[in-house]
Amino acid sequence: MLEGLEAAMRRLLSHHAAIPALRSKHAAVQAGFGGEQELDKVFEGYAFTMKHGIFHDLSLASSAYFQVDTLFITPWYAVLFEVKNIAGELTVTENLPQLIRTLDSGQVSGFKSPIAQLESNCELFRDWLYSRNMSLPVYGAVVLAYARQRIEVFDTKIPILFPSAVPTFIRKLPTTSPLLDDKTFVDLLSQLSSSHRDFIPSPICETYSIRRSDIRTGVICPGCGVIGMEKYNGGWRCLACAKTSRDAHKRAIRDWFLLFGGGMSNKDCREFLRVNRQQTAHRLIMSMQLKSEGTYRNRVYTMELLSERKKRT
């Protein structure tokens, strides 16, 4: 999502009508990602003595698709953490389930309730385990990324924690006899890893109703940021600063997928990178190791293999 928003902001003129919405969304997504990183630091710096696995940004399918910010799993239990990093005075309501944010300026905004979202994810994860003939107690906690965040919630059993309190919360969970033996637990970690599906957001141009013709084509110079590097036998050359690059096209091709989605044809590649020869475009596409579909004349390439999985066990 961050990459797609940044690609749109790079390739639209600064006065384009979509720029304010793109900037606002980018700030919100970046804040959320930064909040998750705060919890990541806690797990990276703390040595848990029990057997465990940790997964970040885990996307699974049960009766519905769901995404877990952080999953901490042991042979005794599983804990799902929902991380929030939202500025302002926060109020979580029960009916209707919502998070209300009030800024110092008085501006009021509504968001999905993190508690309702977490409860739903816990149920879906229980179903996911059940479908694999496994059963574990599943706990959940909402984590506020920074201690300066202020929140008021209704009477709920879902804990609201700051990252520094997470290890203590985990240590207090019951660990009597393990419910999974070593072999089953290792198998569970393997199934979690293999069941993960990388999240590919909706194309930015579709989401923000941006016309394709508004997107500036060309390879962007990694040095000065000017659009329109020139192709030569050894790679790409910037006509503005003379910097050269062997693989500057990779960012441009990724931009295309994030902006437009779907399958890229050889013609799409030539037009977007501003190259003339089909053979050149073919070599550039093949350098990306993309998944291909269709016959030679109708072949298209998809973004599936571009996404980088973010998980740890």
# chains A, B, ... in the order shown; residues from 1 in each chain; ligands from 1
>>> select_by_dssp(residues="segment 89-149 of chain A", states="strand (DSSP E)", output="number ranges by chain")
A: 89-94, 97-102, 108-112, 138-144
>>> residues_around(residues="Ile210 of chain A", least_positions_apart="2", cutoff="12 Å", atoms="only C-alpha atoms", output="compact mmCIF listing (two decimals) with N, CA and C atoms, in the first residue's frame")
# COMPACT_ATOMS: atom_id res chain seq x y z
N LEU A 5 0.97 4.05 -3.04
CA LEU A 5 0.68 5.46 -2.82
C LEU A 5 1.86 6.33 -3.24
N ALA A 8 2.10 6.55 -7.03
CA ALA A 8 1.14 7.51 -7.59
C ALA A 8 1.60 8.94 -7.37
N MET A 9 2.09 9.24 -6.18
CA MET A 9 2.53 10.61 -5.90
C MET A 9 3.76 10.99 -6.73
N ARG A 11 4.31 9.89 -9.78
CA ARG A 11 4.00 9.91 -11.21
C ARG A 11 2.82 10.82 -11.58
N LEU A 12 2.22 11.47 -10.59
CA LEU A 12 1.19 12.45 -10.88
C LEU A 12 1.78 13.85 -10.77
N LEU A 13 1.24 14.77 -11.51
CA LEU A 13 1.65 16.16 -11.35
C LEU A 13 1.22 16.66 -9.98
N HIS A 16 -2.42 17.57 -9.14
CA HIS A 16 -3.50 16.63 -9.47
C HIS A 16 -4.49 16.55 -8.32
N ALA A 17 -5.76 16.40 -8.65
CA ALA A 17 -6.83 16.42 -7.64
C ALA A 17 -6.71 15.29 -6.62
N ALA A 18 -6.07 14.18 -6.98
CA ALA A 18 -5.97 13.04 -6.06
C ALA A 18 -4.84 13.18 -5.05
N ILE A 19 -3.93 14.12 -5.25
CA ILE A 19 -2.75 14.22 -4.39
C ILE A 19 -3.11 14.40 -2.91
N ALA A 21 -5.67 13.38 -1.13
CA ALA A 21 -6.17 12.11 -0.59
C ALA A 21 -5.04 11.08 -0.49
N LEU A 22 -4.17 11.06 -1.48
CA LEU A 22 -3.03 10.14 -1.46
C LEU A 22 -2.10 10.45 -0.30
N PRO A 203 -5.53 -1.93 -6.96
CA PRO A 203 -4.71 -0.96 -7.71
C PRO A 203 -5.05 0.47 -7.30
N ILE A 204 -4.01 1.27 -7.13
CA ILE A 204 -4.20 2.64 -6.65
C ILE A 204 -5.09 3.46 -7.59
N CYS A 205 -4.90 3.31 -8.89
CA CYS A 205 -5.70 4.10 -9.83
C CYS A 205 -7.18 3.72 -9.74
N GLU A 206 -7.45 2.47 -9.48
CA GLU A 206 -8.83 2.04 -9.31
C GLU A 206 -9.42 2.60 -8.02
N THR A 207 -8.65 2.52 -6.94
CA THR A 207 -9.12 2.97 -5.63
C THR A 207 -9.41 4.46 -5.62
N TYR A 208 -8.56 5.25 -6.29
CA TYR A 208 -8.68 6.70 -6.23
C TYR A 208 -9.21 7.31 -7.53
N ARG A 212 -5.60 6.50 -16.28
CA ARG A 212 -4.28 6.02 -16.69
C ARG A 212 -3.49 7.11 -17.39
N SER A 213 -4.19 7.90 -18.15
CA SER A 213 -3.50 8.95 -18.92
C SER A 213 -2.89 10.02 -18.02
N ASP A 214 -3.31 10.06 -16.75
CA ASP A 214 -2.75 11.05 -15.82
C ASP A 214 -1.41 10.59 -15.24
N ILE A 215 -1.13 9.30 -15.37
CA ILE A 215 0.10 8.74 -14.81
C ILE A 215 1.25 8.96 -15.78
N ARG A 216 2.31 9.59 -15.32
CA ARG A 216 3.47 9.82 -16.18
C ARG A 216 4.27 8.54 -16.34
N LEU A 259 -0.09 0.47 -9.50
CA LEU A 259 -0.99 1.51 -9.97
C LEU A 259 -2.18 0.95 -10.74
N PHE A 260 -1.93 -0.04 -11.62
CA PHE A 260 -2.97 -0.50 -12.54
C PHE A 260 -3.50 -1.90 -12.22
>>> closest_residue(among="A:Thr156, A:Gln117, A:Ala7, A:Gly35", to="Arg23 of chain A", atoms="only C-alpha atoms")
A:Ala7
>>> select_by_dssp(residues="segment 131-245 of chain A", states="alpha helix (DSSP H)", output="PyMOL selection string")
chain A and resi 166-171+182-195+204-207
>>> residues_around(residues="Ala252 of chain A", least_positions_apart="6", cutoff="8 Å", atoms="only C-alpha atoms", output="PDB file with N, CA and C atoms, in the first residue's frame")
ATOM      1  N   GLY A 218       7.580   6.146 -17.886  1.00  0.00           N
ATOM      2  CA  GLY A 218       9.030   6.274 -17.952  1.00  0.00           C
ATOM      3  C   GLY A 218       9.703   5.712 -16.719  1.00  0.00           C
ATOM      4  N   VAL A 219      10.990   5.425 -16.865  1.00  0.00           N
ATOM      5  CA  VAL A 219      11.810   4.903 -15.771  1.00  0.00           C
ATOM      6  C   VAL A 219      12.350   6.076 -14.962  1.00  0.00           C
ATOM      7  N   ILE A 220      12.193   6.008 -13.653  1.00  0.00           N
ATOM      8  CA  ILE A 220      12.599   7.111 -12.774  1.00  0.00           C
ATOM      9  C   ILE A 220      14.053   6.945 -12.351  1.00  0.00           C
ATOM     10  N   PHE A 272       5.040   1.753 -20.949  1.00  0.00           N
ATOM     11  CA  PHE A 272       5.298   2.357 -19.643  1.00  0.00           C
ATOM     12  C   PHE A 272       6.777   2.678 -19.450  1.00  0.00           C
ATOM     13  N   LEU A 273       7.665   1.817 -19.990  1.00  0.00           N
ATOM     14  CA  LEU A 273       9.097   2.054 -19.833  1.00  0.00           C
ATOM     15  C   LEU A 273       9.674   2.904 -20.962  1.00  0.00           C
TER      16      LEU A 273
END
>>> residues_around(residues="segment 227-237 of chain A", least_positions_apart="6", cutoff="7 Å", atoms="only C-alpha atoms", output="ChimeraX atom specification")
/A:218-221,243-248
>>> write_last_selection(atoms="N, CA and C atoms", output="mmCIF file, in the first residue's frame")
data_model
loop_
_atom_site.group_PDB
_atom_site.id
_atom_site.type_symbol
_atom_site.label_atom_id
_atom_site.label_comp_id
_atom_site.auth_asym_id
_atom_site.auth_seq_id
_atom_site.Cartn_x
_atom_site.Cartn_y
_atom_site.Cartn_z
ATOM 1 N N GLY A 218 7.580 6.146 -17.886
ATOM 2 C CA GLY A 218 9.030 6.274 -17.952
ATOM 3 C C GLY A 218 9.703 5.712 -16.719
ATOM 4 N N VAL A 219 10.990 5.425 -16.865
ATOM 5 C CA VAL A 219 11.810 4.903 -15.771
ATOM 6 C C VAL A 219 12.350 6.076 -14.962
ATOM 7 N N ILE A 220 12.193 6.008 -13.653
ATOM 8 C CA ILE A 220 12.599 7.111 -12.774
ATOM 9 C C ILE A 220 14.053 6.945 -12.351
ATOM 10 N N CYS A 221 14.810 8.019 -12.452
ATOM 11 C CA CYS A 221 16.224 7.987 -12.066
ATOM 12 C C CYS A 221 16.346 7.806 -10.562
ATOM 13 N N LYS A 243 23.438 9.843 -14.296
ATOM 14 C CA LYS A 243 23.579 8.624 -13.509
ATOM 15 C C LYS A 243 23.120 7.427 -14.337
ATOM 16 N N THR A 244 23.790 6.294 -14.156
ATOM 17 C CA THR A 244 23.395 5.068 -14.853
ATOM 18 C C THR A 244 22.930 4.026 -13.838
ATOM 19 N N SER A 245 22.122 3.097 -14.324
ATOM 20 C CA SER A 245 21.608 2.022 -13.470
ATOM 21 C C SER A 245 21.301 0.813 -14.340
ATOM 22 N N ARG A 246 21.622 -0.369 -13.838
ATOM 23 C CA ARG A 246 21.342 -1.590 -14.592
ATOM 24 C C ARG A 246 19.901 -2.053 -14.398
ATOM 25 N N ASP A 247 19.307 -1.730 -13.250
ATOM 26 C CA ASP A 247 17.991 -2.315 -12.960
ATOM 27 C C ASP A 247 16.937 -1.288 -12.534
ATOM 28 N N ALA A 248 17.055 -0.054 -12.983
ATOM 29 C CA ALA A 248 16.063 0.970 -12.631
ATOM 30 C C ALA A 248 14.673 0.610 -13.145
#
>>> closest_residue(among="A:His56, A:Lys172, A:Arg277, A:Arg270", to="Val83 of chain A", atoms="only C-alpha atoms")
A:His56
>>> residues_around(residues="Lys51 of chain A", least_positions_apart="2", cutoff="12 Å", atoms="only C-alpha atoms", output="short mmCIF file (atom, residue, chain, number, x, y, z; two decimals) with N, CA, C and O atoms, in the first residue's frame")
data_model
loop_
_atom_site.label_atom_id
_atom_site.label_comp_id
_atom_site.auth_asym_id
_atom_site.auth_seq_id
_atom_site.Cartn_x
_atom_site.Cartn_y
_atom_site.Cartn_z
N ALA A 47 13.89 -12.30 25.05
CA ALA A 47 14.12 -13.74 24.88
C ALA A 47 13.09 -14.52 25.70
O ALA A 47 13.21 -14.62 26.92
N PHE A 48 12.08 -15.05 25.02
CA PHE A 48 11.08 -15.88 25.70
C PHE A 48 11.64 -17.28 25.90
O PHE A 48 12.27 -17.85 25.00
N THR A 49 11.43 -17.85 27.08
CA THR A 49 12.02 -19.14 27.40
C THR A 49 11.20 -20.31 26.86
O THR A 49 11.73 -21.39 26.64
N GLY A 53 6.46 -19.38 18.34
CA GLY A 53 6.65 -18.86 16.99
C GLY A 53 6.06 -17.47 16.93
O GLY A 53 5.09 -17.17 17.64
N ILE A 54 6.65 -16.60 16.12
CA ILE A 54 6.15 -15.24 15.96
C ILE A 54 5.96 -14.97 14.46
O ILE A 54 6.88 -15.19 13.68
N PHE A 72 1.59 -14.53 18.25
CA PHE A 72 2.55 -15.20 19.13
C PHE A 72 1.92 -16.53 19.49
O PHE A 72 0.86 -16.58 20.10
N ILE A 73 2.58 -17.61 19.12
CA ILE A 73 1.96 -18.93 19.30
C ILE A 73 2.91 -19.89 20.01
O ILE A 73 4.12 -19.87 19.77
N THR A 74 2.36 -20.68 20.92
CA THR A 74 3.12 -21.65 21.71
C THR A 74 2.35 -22.97 21.72
O THR A 74 1.21 -23.04 21.24
N PRO A 75 2.92 -24.04 22.29
CA PRO A 75 2.17 -25.30 22.43
C PRO A 75 1.02 -25.18 23.43
O PRO A 75 0.20 -26.09 23.53
N TRP A 76 0.93 -24.07 24.19
CA TRP A 76 -0.10 -23.90 25.21
C TRP A 76 -1.24 -22.98 24.75
O TRP A 76 -2.37 -23.14 25.16
N TYR A 77 -0.92 -21.99 23.92
CA TYR A 77 -1.91 -20.98 23.55
C TYR A 77 -1.41 -20.18 22.35
O TYR A 77 -0.24 -20.29 21.95
N ALA A 78 -2.32 -19.35 21.84
CA ALA A 78 -1.97 -18.39 20.78
C ALA A 78 -2.47 -17.01 21.21
O ALA A 78 -3.50 -16.90 21.87
N THR A 175 0.41 -21.77 31.57
CA THR A 175 1.24 -22.79 30.90
C THR A 175 1.35 -23.98 31.83
O THR A 175 2.34 -24.14 32.55
N PRO A 178 1.43 -28.77 28.10
CA PRO A 178 1.28 -28.32 26.71
C PRO A 178 0.18 -29.10 26.00
O PRO A 178 0.03 -30.30 26.20
N LEU A 180 -0.04 -29.24 22.66
CA LEU A 180 0.52 -29.77 21.43
C LEU A 180 1.89 -30.35 21.71
O LEU A 180 2.72 -29.72 22.39
N ASP A 181 2.15 -31.58 21.21
CA ASP A 181 3.49 -32.14 21.38
C ASP A 181 4.44 -31.47 20.39
O ASP A 181 4.03 -30.69 19.52
N ASP A 182 5.74 -31.75 20.55
CA ASP A 182 6.74 -31.07 19.74
C ASP A 182 6.50 -31.23 18.25
O ASP A 182 6.58 -30.26 17.48
N PHE A 185 3.49 -29.23 17.11
CA PHE A 185 3.74 -27.79 17.14
C PHE A 185 4.61 -27.36 15.96
O PHE A 185 4.33 -26.33 15.32
N VAL A 186 5.63 -28.14 15.65
CA VAL A 186 6.47 -27.82 14.50
C VAL A 186 5.65 -27.87 13.22
O VAL A 186 5.80 -27.02 12.32
N LEU A 189 3.57 -24.66 12.98
CA LEU A 189 4.36 -23.52 12.50
C LEU A 189 4.55 -23.60 10.99
O LEU A 189 4.47 -22.59 10.28
N THR A 313 9.51 -17.01 12.31
CA THR A 313 9.14 -18.03 13.29
C THR A 313 10.33 -18.32 14.17
O THR A 313 11.46 -18.02 13.81
#
>>> atom_distance(atom1="atom CA of Met303 of chain A", atom2="atom CA of Leu284 of chain A")
14.2 Å
